[in-house]
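K.L.:
Take this structure first; my questions come after.
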2 protein chains.
Amino acid sequence: MSRTVYVNGDFVPEAEAKVSVFDRGFLMADGVYEVTTVIGGKLVAFAGHMARLARSLAELAMAAPAGEAELLAIHRRLVEMNGLDEGLVYLQVTRGVADRDFAFPAAGTPPSLVLFTQKLAVLERETVRRGIRIALVPDLRWSRRDIKTVQLLYPSMAKMEARAKGCDDAWMVEDGLVTEGSSNNAYIVTHDGRIVTRHLGHAILHGITRKAVLGFAVEAGLVVEERAFSPDEAKAAKEAFITSASAFVTPVVEIDGVRIGEGIPGETVRRLRTIYIAESLATAI
Amino acid sequence: MSRTVYVNGDFVPEAEAKVSVFDRGFLMADGVYEVTTVIGGKLVAFAGHMARLARSLAELAMAAPAGEAELLAIHRRLVEMNGLDEGLVYLQVTRGVADRDFAFPAAGTPPSLVLFTQKLAVLERETVRRGIRIALVPDLRWSRRDIKTVQLLYPSMAKMEARAKGCDDAWMVEDGLVTEGSSNNAYIVTHDGRIVTRHLGHAILHGITRKAVLGFAVEAGLVVEERAFSPDEAKAAKEAFITSASAFVTPVVEIDGVRIGEGIPGETVRRLRTIYIAESLATAI
């Protein structure tokens, strides 16, 4: 318990990192977050995360707690104070502290801002070497998953349900089509080599890693189809994978007990992961 | 800012009532709550709230923070310390403090428990005298509204949308049928005097006040139909109303700009409110 955490202007020891019980993040899940990966002490895709944060805040009519330059300075100071070489910086903004009421607090109520680091191996992972097993679960989340809110109870439950089935993670299914993973976007590779992942909209998170990986795929001459796919199409695919800020590109080798392709990490996913890591290392700030 | 608040075993001044930023209630909306009304310093329907709390905890595999007798003692002590005559006691339980992870923390992690009071006029209200105006909004919440979680961002947004339309509150509509209000159950009274409110299930909160009011209605010889109704049926109804722990029975006089009945609080709702208050006063502990 030795981390230094940022809470509303102060850098404090983890044990003293507290917010009011009247914070709307605690009482009403009225908050949004971002998770930025750190490699070699540098931030990956920081601008993308800040752009999405700005979008989440705008969608919820929530005030920004600080400008991007100040947020960057806080991220860098936390990385330095915690000696973080590889891992994550978590950032959360809430609508602030006010007596409990469904109505938003008065304009001018300062938003809350909390950041902390987590050490985590992101470049070398056992899950990348062996590939992960996925369990399919119904998607019971609210309808605006494009807004990155802290309403993460169901994804958390889905993860536990997947583990109870001996799997690593869950893919969520709505109206017979896969939406996304519990905390990542979901992809398949068809037998003729096309990469298929659900189109953007309210049904899924607009992944920063998703956008980057699809761009790299197109640059590498791969065909990308942004459309929904069914569990059956996924089970019959050549390859499958997930992307997220911390998983980067991670292979999926089994879905609901059905082996995908050869049941080992595929060629396309390995290639995309290599490109993504090279670009991340080159562009981290 | 003079309230005394209960936080994990301590009674502290409001300004010192804090939880860790690593509390899963703050990071992942991994928490449930109850709100018990206080009249004349006594708790209304306390056993019902505790039974629902136990159900919410069980549905989420979350540990109980204390037994019912201890929770009652904390409620009573808070009411006394804050000199509360009329208002609410809010109680929240979360899955506790742990390093951020979608997976639940290790078994044995103590749940967090927070309680605070709010002064509020519940017996005499302007909204009861004039009746409230309702705006219809789509129901975008997660699918397990029968579990009373702190994922209240959308109900909060719905309330703001209703206010922006000059209304007092929102009723949510899913698949062409009304589910419930932003923080209350929704009812209509048909022209032949039947009380209609949505049946229990995952789509709505299992209101403690709902159960009591339906029971009193039957005892009073009224016919109750537990089934979903459409916005059009509601707009053509003789009367409409809501129930909740703090609204008790409150008349609805307008839905999406359409006057309900005479556009004034109706006879059935007045009668049910009177019975409910009398029973609450008689049975509060």
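By convention here, the chains of the structure tokens are called A, B, ... in the order presented, each chain's residues are numbered starting at 1, and ligands are numbered starting at 1 in the order presented.
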Enumerate the residues of stretch 50-191 of chain B with a DSSP assignment of strand (DSSP E or B), computed from the backbone, and present them as a PyMOL selection string.
P.N.:
chain B and resi 87-94+97+112-119+132-138+149+169-174+177-181+185-189
K.L.:
Please report as a PyMOL selection string which residues of chain B come no farther than 6 Å from chain A, using only C-alpha atoms.
P.N.:
chain B and resi 17-21+25-26+28-30+102-103+140-143+150-153+156+160
K.L.:
In stretch 88-136 of chain B, what's helix (DSSP H, G or I) per DSSP? Answer as a PyMOL selection string?
P.N.:
chain B and resi 126-130
K.L.:
Out of A:Ile195, A:Val93, A:Ile277, A:Val178, which residue has the shortest atom-to-atom distance to A:Ile134 when counting only C-alpha atoms?
P.N.:
A:Val178
K.L.:
Write out as a PyMOL selection string which residues come within 12 Å of B:Gly257 when counting only C-alpha atoms, dropping same-chain ones fewer than 2 positions away.
P.N.:
chain B and resi 132-136+162+165-168+231+235+252-255+259-260+263
K.L.:
Selection from above, all heavy atoms, as a tab-separated table (two decimals), in the first residue's frame, can you write it?
P.N.:
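Full text of again-v9.tsv as output:
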```tsv
chain	number	residue	atom	x	y	z
B	132	ILE	N	-48.47	15.93	-10.12
B	132	ILE	CA	-47.23	16.16	-10.88
B	132	ILE	C	-47.44	15.93	-12.37
B	132	ILE	O	-48.35	15.23	-12.80
B	132	ILE	CB	-46.06	15.29	-10.36
B	132	ILE	CG1	-46.38	13.79	-10.51
B	132	ILE	CG2	-45.73	15.65	-8.91
B	132	ILE	CD1	-45.20	12.90	-10.18
B	133	ARG	N	-46.55	16.58	-13.15
B	133	ARG	CA	-46.54	16.44	-14.61
B	133	ARG	C	-45.42	15.47	-14.99
B	133	ARG	O	-44.29	15.60	-14.51
B	133	ARG	CB	-46.30	17.80	-15.26
B	133	ARG	CG	-47.47	18.77	-15.14
B	133	ARG	CD	-47.12	20.12	-15.74
B	133	ARG	NE	-45.97	20.73	-15.09
B	133	ARG	CZ	-46.02	21.44	-13.96
B	133	ARG	NH1	-47.17	21.64	-13.36
B	133	ARG	NH2	-44.92	21.93	-13.44
B	134	ILE	N	-45.74	14.53	-15.86
B	134	ILE	CA	-44.80	13.47	-16.25
B	134	ILE	C	-44.40	13.64	-17.71
B	134	ILE	O	-45.24	13.91	-18.57
B	134	ILE	CB	-45.48	12.09	-16.08
B	134	ILE	CG1	-45.75	11.81	-14.59
B	134	ILE	CG2	-44.65	10.97	-16.72
B	134	ILE	CD1	-44.51	11.65	-13.74
B	135	ALA	N	-43.09	13.45	-17.99
B	135	ALA	CA	-42.60	13.35	-19.37
B	135	ALA	C	-42.24	11.89	-19.63
B	135	ALA	O	-41.71	11.21	-18.75
B	135	ALA	CB	-41.36	14.23	-19.54
B	136	LEU	N	-42.55	11.40	-20.81
B	136	LEU	CA	-42.18	10.03	-21.17
B	136	LEU	C	-40.81	10.02	-21.83
B	136	LEU	O	-40.52	10.84	-22.69
B	136	LEU	CB	-43.23	9.45	-22.14
B	136	LEU	CG	-44.65	9.35	-21.56
B	136	LEU	CD1	-45.64	8.99	-22.67
B	136	LEU	CD2	-44.71	8.32	-20.44
B	162	ALA	N	-36.91	15.46	-18.00
B	162	ALA	CA	-38.29	15.82	-17.64
B	162	ALA	C	-38.36	17.28	-17.21
B	162	ALA	O	-39.25	18.03	-17.64
B	162	ALA	CB	-38.79	14.90	-16.52
B	165	LYS	N	-38.31	19.75	-19.90
B	165	LYS	CA	-39.60	19.83	-20.60
B	165	LYS	C	-40.68	20.47	-19.74
B	165	LYS	O	-41.86	20.42	-20.08
B	165	LYS	CB	-40.05	18.41	-21.00
B	165	LYS	CG	-39.22	17.80	-22.13
B	165	LYS	CD	-39.69	16.39	-22.42
B	165	LYS	CE	-38.91	15.77	-23.59
B	165	LYS	NZ	-39.19	14.34	-23.72
B	166	GLY	N	-40.29	21.01	-18.59
B	166	GLY	CA	-41.27	21.66	-17.71
B	166	GLY	C	-42.06	20.68	-16.88
B	166	GLY	O	-43.11	21.03	-16.32
B	167	CYS	N	-41.58	19.44	-16.79
B	167	CYS	CA	-42.30	18.42	-16.01
B	167	CYS	C	-41.60	18.18	-14.68
B	167	CYS	O	-40.49	18.63	-14.45
B	167	CYS	CB	-42.37	17.11	-16.81
B	167	CYS	SG	-43.40	17.27	-18.29
B	168	ASP	N	-42.27	17.42	-13.81
B	168	ASP	CA	-41.72	17.12	-12.49
B	168	ASP	C	-40.87	15.86	-12.50
B	168	ASP	O	-39.92	15.74	-11.73
B	168	ASP	CB	-42.85	16.93	-11.47
B	168	ASP	CG	-43.71	18.18	-11.36
B	168	ASP	OD1	-43.26	19.14	-10.75
B	168	ASP	OD2	-44.84	18.16	-11.90
B	231	PRO	N	-48.28	4.07	-23.02
B	231	PRO	CA	-48.45	5.52	-22.85
B	231	PRO	C	-49.85	5.98	-23.27
B	231	PRO	O	-50.46	6.81	-22.59
B	231	PRO	CB	-47.37	6.11	-23.77
B	231	PRO	CG	-46.29	5.07	-23.74
B	231	PRO	CD	-47.03	3.75	-23.73
B	235	LYS	N	-52.53	7.96	-20.99
B	235	LYS	CA	-53.05	9.30	-21.31
B	235	LYS	C	-54.57	9.34	-21.30
B	235	LYS	O	-55.17	10.39	-21.08
B	235	LYS	CB	-52.51	9.76	-22.67
B	235	LYS	CG	-51.03	10.10	-22.64
B	235	LYS	CD	-50.51	10.41	-24.04
B	235	LYS	CE	-49.00	10.48	-24.05
B	235	LYS	NZ	-48.46	10.55	-25.43
B	252	VAL	N	-50.61	12.04	-10.42
B	252	VAL	CA	-50.08	12.52	-11.70
B	252	VAL	C	-51.25	13.17	-12.42
B	252	VAL	O	-52.32	12.55	-12.55
B	252	VAL	CB	-49.53	11.34	-12.53
B	252	VAL	CG1	-49.26	11.77	-13.98
B	252	VAL	CG2	-48.27	10.77	-11.89
B	253	VAL	N	-51.07	14.41	-12.89
B	253	VAL	CA	-52.19	15.11	-13.53
B	253	VAL	C	-51.95	15.37	-15.02
B	253	VAL	O	-52.85	15.84	-15.71
B	253	VAL	CB	-52.51	16.44	-12.81
B	253	VAL	CG1	-53.04	16.16	-11.40
B	253	VAL	CG2	-51.28	17.36	-12.76
B	254	GLU	N	-50.74	15.07	-15.48
B	254	GLU	CA	-50.44	15.33	-16.89
B	254	GLU	C	-49.34	14.38	-17.35
B	254	GLU	O	-48.38	14.15	-16.61
B	254	GLU	CB	-49.98	16.79	-17.05
B	254	GLU	CG	-49.97	17.32	-18.46
B	254	GLU	CD	-49.48	18.78	-18.49
B	254	GLU	OE1	-50.18	19.66	-17.96
B	254	GLU	OE2	-48.39	19.00	-19.04
B	255	ILE	N	-49.48	13.81	-18.56
B	255	ILE	CA	-48.45	12.94	-19.13
B	255	ILE	C	-48.16	13.42	-20.55
B	255	ILE	O	-49.05	13.46	-21.39
B	255	ILE	CB	-48.92	11.47	-19.16
B	255	ILE	CG1	-49.16	10.95	-17.72
B	255	ILE	CG2	-47.89	10.58	-19.86
B	255	ILE	CD1	-49.77	9.56	-17.65
B	259	ARG	N	-53.64	16.10	-20.34
B	259	ARG	CA	-54.27	16.13	-19.03
B	259	ARG	C	-54.88	14.79	-18.71
B	259	ARG	O	-55.54	14.18	-19.54
B	259	ARG	CB	-55.40	17.19	-19.05
B	259	ARG	CG	-55.36	18.14	-17.90
B	259	ARG	CD	-56.27	19.30	-18.13
B	259	ARG	NE	-57.62	18.88	-18.48
B	259	ARG	CZ	-58.66	19.71	-18.51
B	259	ARG	NH1	-58.49	21.01	-18.25
B	259	ARG	NH2	-59.85	19.28	-18.84
B	260	ILE	N	-54.66	14.32	-17.48
B	260	ILE	CA	-55.24	13.03	-17.06
B	260	ILE	C	-56.54	13.33	-16.33
B	260	ILE	O	-56.55	14.09	-15.35
B	260	ILE	CB	-54.27	12.28	-16.14
B	260	ILE	CG1	-52.90	12.11	-16.81
B	260	ILE	CG2	-54.86	10.92	-15.74
B	260	ILE	CD1	-52.93	11.44	-18.17
B	263	GLY	N	-57.51	16.65	-14.82
B	263	GLY	CA	-56.28	17.44	-14.69
B	263	GLY	C	-56.02	17.88	-13.26
B	263	GLY	O	-55.18	18.75	-13.01
```
K.L.:
Within 10 Å of stretch 270-276 of chain B, counting only C-alpha atoms, which residues qualify if same-chain residues fewer than 6 places away don't, as a compact mmCIF listing (two decimals) with N, CA and C atoms, in the first residue's frame?
P.N.:
```
# COMPACT_ATOMS: atom_id res chain seq x y z
N LEU B 123 -45.20 14.27 4.61
CA LEU B 123 -46.66 14.25 4.81
C LEU B 123 -47.36 15.35 4.02
N VAL B 128 -48.36 16.94 -3.96
CA VAL B 128 -49.56 16.15 -3.67
C VAL B 128 -50.81 17.00 -3.89
N ARG B 129 -50.73 18.27 -3.51
CA ARG B 129 -51.89 19.16 -3.67
C ARG B 129 -52.20 19.43 -5.14
N THR B 209 -43.34 0.41 -1.07
CA THR B 209 -44.59 1.18 -1.00
C THR B 209 -45.62 0.60 -1.98
N ALA B 212 -47.28 -2.38 -0.35
CA ALA B 212 -48.21 -1.96 0.71
C ALA B 212 -49.47 -1.34 0.11
N VAL B 213 -49.30 -0.45 -0.86
CA VAL B 213 -50.45 0.26 -1.43
C VAL B 213 -51.39 -0.71 -2.16
N LEU B 214 -50.83 -1.67 -2.89
CA LEU B 214 -51.69 -2.64 -3.58
C LEU B 214 -52.47 -3.47 -2.56
N GLY B 215 -51.80 -3.81 -1.47
CA GLY B 215 -52.49 -4.55 -0.42
C GLY B 215 -53.64 -3.74 0.17
N PHE B 216 -53.39 -2.46 0.47
CA PHE B 216 -54.45 -1.61 1.03
C PHE B 216 -55.59 -1.42 0.02
N ALA B 217 -55.24 -1.34 -1.25
CA ALA B 217 -56.26 -1.15 -2.29
C ALA B 217 -57.21 -2.34 -2.31
N ALA B 220 -59.44 -2.37 0.56
CA ALA B 220 -60.48 -1.34 0.44
C ALA B 220 -61.50 -1.69 -0.63
N PHE B 241 -50.97 7.88 -10.92
CA PHE B 241 -50.20 8.25 -9.73
C PHE B 241 -48.88 7.48 -9.66
N THR B 243 -45.91 5.81 -6.68
CA THR B 243 -45.62 5.52 -5.27
C THR B 243 -44.11 5.37 -5.11
N ALA B 247 -42.42 9.58 -1.75
CA ALA B 247 -43.58 10.21 -2.40
C ALA B 247 -44.88 9.63 -1.85
N PHE B 248 -44.77 8.49 -1.15
CA PHE B 248 -45.96 7.76 -0.70
C PHE B 248 -46.83 7.51 -1.94
N VAL B 249 -48.03 8.11 -1.95
CA VAL B 249 -48.89 8.03 -3.13
C VAL B 249 -49.04 9.48 -3.61
N THR B 250 -48.56 9.78 -4.80
CA THR B 250 -48.60 11.15 -5.31
C THR B 250 -49.30 11.18 -6.67
N PRO B 251 -50.30 12.04 -6.81
CA PRO B 251 -51.08 12.07 -8.06
C PRO B 251 -50.28 12.59 -9.25
N ALA B 282 -49.31 4.14 11.94
CA ALA B 282 -49.68 3.13 12.93
C ALA B 282 -48.61 2.05 13.08
```
K.L.:
Which residues, written as a PyMOL selection string, have at least one atom at most 12 Å from A:Val44, with only C-alpha atoms counted and residues fewer than 3 positions away on the same chain left out?
P.N.:
chain A and resi 35-41+47-50+72+75-76+86-89+122+208-209+212+244-246+248+276-285
K.L.:
Store the residues picked out above, limited to N, CA, C and O atoms, as a compact mmCIF listing (two decimals), in the first residue's frame.
P.N.:
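selection-v4.txt written:
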```txt
# COMPACT_ATOMS: atom_id res chain seq x y z
N VAL A 35 -8.63 4.81 -18.96
CA VAL A 35 -7.47 4.05 -18.51
C VAL A 35 -6.40 4.17 -19.59
O VAL A 35 -6.61 3.73 -20.72
N THR A 36 -5.29 4.78 -19.25
CA THR A 36 -4.21 4.97 -20.22
C THR A 36 -3.05 4.04 -19.88
O THR A 36 -2.61 3.98 -18.73
N THR A 37 -2.59 3.31 -20.88
CA THR A 37 -1.49 2.37 -20.66
C THR A 37 -0.15 3.09 -20.62
O THR A 37 0.06 4.08 -21.32
N VAL A 38 0.74 2.57 -19.77
CA VAL A 38 2.09 3.12 -19.64
C VAL A 38 3.09 2.04 -20.04
O VAL A 38 3.01 0.91 -19.56
N ILE A 39 3.96 2.39 -20.97
CA ILE A 39 5.06 1.49 -21.33
C ILE A 39 6.36 2.30 -21.26
O ILE A 39 6.43 3.41 -21.80
N GLY A 40 7.34 1.76 -20.58
CA GLY A 40 8.62 2.46 -20.45
C GLY A 40 8.42 3.84 -19.84
O GLY A 40 9.12 4.80 -20.19
N GLY A 41 7.44 3.95 -18.94
CA GLY A 41 7.19 5.23 -18.28
C GLY A 41 6.47 6.24 -19.15
O GLY A 41 6.24 7.37 -18.72
N ALA A 47 -3.70 11.25 -26.26
CA ALA A 47 -4.62 12.20 -26.91
C ALA A 47 -5.98 11.55 -27.20
O ALA A 47 -7.03 12.17 -27.03
N GLY A 48 -5.94 10.29 -27.62
CA GLY A 48 -7.18 9.56 -27.90
C GLY A 48 -8.03 9.41 -26.64
O GLY A 48 -9.26 9.60 -26.67
N HIS A 49 -7.38 9.08 -25.53
CA HIS A 49 -8.13 8.94 -24.28
C HIS A 49 -8.73 10.27 -23.83
O HIS A 49 -9.87 10.32 -23.35
N MET A 50 -7.98 11.34 -24.01
CA MET A 50 -8.51 12.65 -23.60
C MET A 50 -9.66 13.09 -24.51
O MET A 50 -10.62 13.71 -24.04
N LEU A 72 -2.43 15.93 -18.47
CA LEU A 72 -1.19 15.27 -18.88
C LEU A 72 -0.13 15.43 -17.78
O LEU A 72 0.57 14.46 -17.44
N HIS A 75 -0.95 13.04 -14.97
CA HIS A 75 -0.58 11.67 -15.37
C HIS A 75 0.94 11.47 -15.22
O HIS A 75 1.40 10.49 -14.63
N ARG A 76 1.71 12.42 -15.76
CA ARG A 76 3.17 12.25 -15.75
C ARG A 76 3.73 12.29 -14.33
O ARG A 76 4.65 11.54 -14.00
N GLU A 86 5.69 0.07 -16.36
CA GLU A 86 4.71 -0.60 -17.21
C GLU A 86 3.42 -0.80 -16.41
O GLU A 86 3.47 -1.33 -15.30
N GLY A 87 2.31 -0.38 -16.98
CA GLY A 87 1.04 -0.52 -16.27
C GLY A 87 0.01 0.45 -16.79
O GLY A 87 -0.07 0.70 -18.01
N LEU A 88 -0.78 1.02 -15.88
CA LEU A 88 -1.91 1.85 -16.26
C LEU A 88 -1.99 3.10 -15.40
O LEU A 88 -1.57 3.09 -14.25
N VAL A 89 -2.58 4.15 -15.97
CA VAL A 89 -3.05 5.26 -15.16
C VAL A 89 -4.57 5.30 -15.33
O VAL A 89 -5.08 5.38 -16.44
N VAL A 122 2.04 -5.51 -19.54
CA VAL A 122 1.19 -5.38 -20.73
C VAL A 122 1.87 -5.94 -21.98
O VAL A 122 1.20 -6.45 -22.88
N ILE A 208 -10.31 3.12 -28.06
CA ILE A 208 -9.15 3.84 -28.60
C ILE A 208 -8.23 2.85 -29.30
O ILE A 208 -7.72 3.10 -30.40
N THR A 209 -8.05 1.68 -28.67
CA THR A 209 -7.21 0.65 -29.28
C THR A 209 -7.90 0.09 -30.52
O THR A 209 -7.24 -0.20 -31.53
N ALA A 212 -7.20 2.41 -33.43
CA ALA A 212 -5.81 2.31 -33.87
C ALA A 212 -5.57 1.01 -34.63
O ALA A 212 -4.98 1.00 -35.71
N SER A 244 -8.05 -3.89 -26.17
CA SER A 244 -8.34 -2.88 -25.13
C SER A 244 -7.03 -2.18 -24.83
O SER A 244 -5.96 -2.61 -25.29
N ALA A 245 -7.14 -1.11 -24.03
CA ALA A 245 -5.94 -0.34 -23.71
C ALA A 245 -4.86 -1.21 -23.08
O ALA A 245 -3.67 -1.03 -23.35
N SER A 246 -5.27 -2.15 -22.24
CA SER A 246 -4.25 -2.96 -21.57
C SER A 246 -4.03 -4.33 -22.21
O SER A 246 -2.94 -4.89 -22.15
N PHE A 248 -4.17 -4.75 -25.37
CA PHE A 248 -3.67 -4.49 -26.72
C PHE A 248 -4.49 -5.37 -27.68
O PHE A 248 -5.69 -5.20 -27.80
N TYR A 276 0.77 -3.09 -33.48
CA TYR A 276 0.23 -2.18 -32.48
C TYR A 276 1.28 -1.82 -31.44
O TYR A 276 1.42 -0.65 -31.05
N ILE A 277 2.04 -2.81 -31.00
CA ILE A 277 3.06 -2.54 -29.98
C ILE A 277 4.16 -1.63 -30.54
O ILE A 277 4.59 -0.67 -29.89
N ALA A 278 4.58 -1.90 -31.78
CA ALA A 278 5.63 -1.07 -32.41
C ALA A 278 5.17 0.38 -32.50
O ALA A 278 5.91 1.31 -32.16
N GLU A 279 3.93 0.57 -32.94
CA GLU A 279 3.40 1.94 -33.08
C GLU A 279 3.24 2.60 -31.72
O GLU A 279 3.48 3.79 -31.55
N SER A 280 2.80 1.81 -30.72
CA SER A 280 2.60 2.37 -29.38
C SER A 280 3.92 2.83 -28.79
O SER A 280 4.02 3.90 -28.18
N LEU A 281 4.94 2.00 -28.95
CA LEU A 281 6.27 2.37 -28.43
C LEU A 281 6.78 3.62 -29.14
O LEU A 281 7.40 4.49 -28.53
N ALA A 282 6.49 3.71 -30.43
CA ALA A 282 7.02 4.84 -31.22
C ALA A 282 6.30 6.14 -30.92
O ALA A 282 6.88 7.23 -31.05
N THR A 283 5.02 6.04 -30.51
CA THR A 283 4.23 7.27 -30.37
C THR A 283 3.87 7.63 -28.92
O THR A 283 3.24 8.65 -28.67
N ALA A 284 4.28 6.78 -27.97
CA ALA A 284 3.97 7.08 -26.55
C ALA A 284 4.65 8.39 -26.15
O ALA A 284 5.73 8.72 -26.66
N ILE A 285 4.01 9.11 -25.25
CA ILE A 285 4.57 10.42 -24.87
C ILE A 285 4.89 10.46 -23.36
O ILE A 285 4.35 9.72 -22.60
```
K.L.:
What does the distance from atom CA of A:Pro110 to atom CA of A:Glu34 come to in Å, to one decimal?
P.N.:
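Separating atom CA of A:Pro110 from atom CA of A:Glu34 is a distance of 18.9 Å.
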K.L.:
At what distance in Å, to one decimal, does atom CA of B:Thr190 lie from atom CA of B:Val137?
P.N.:
22.3 Å
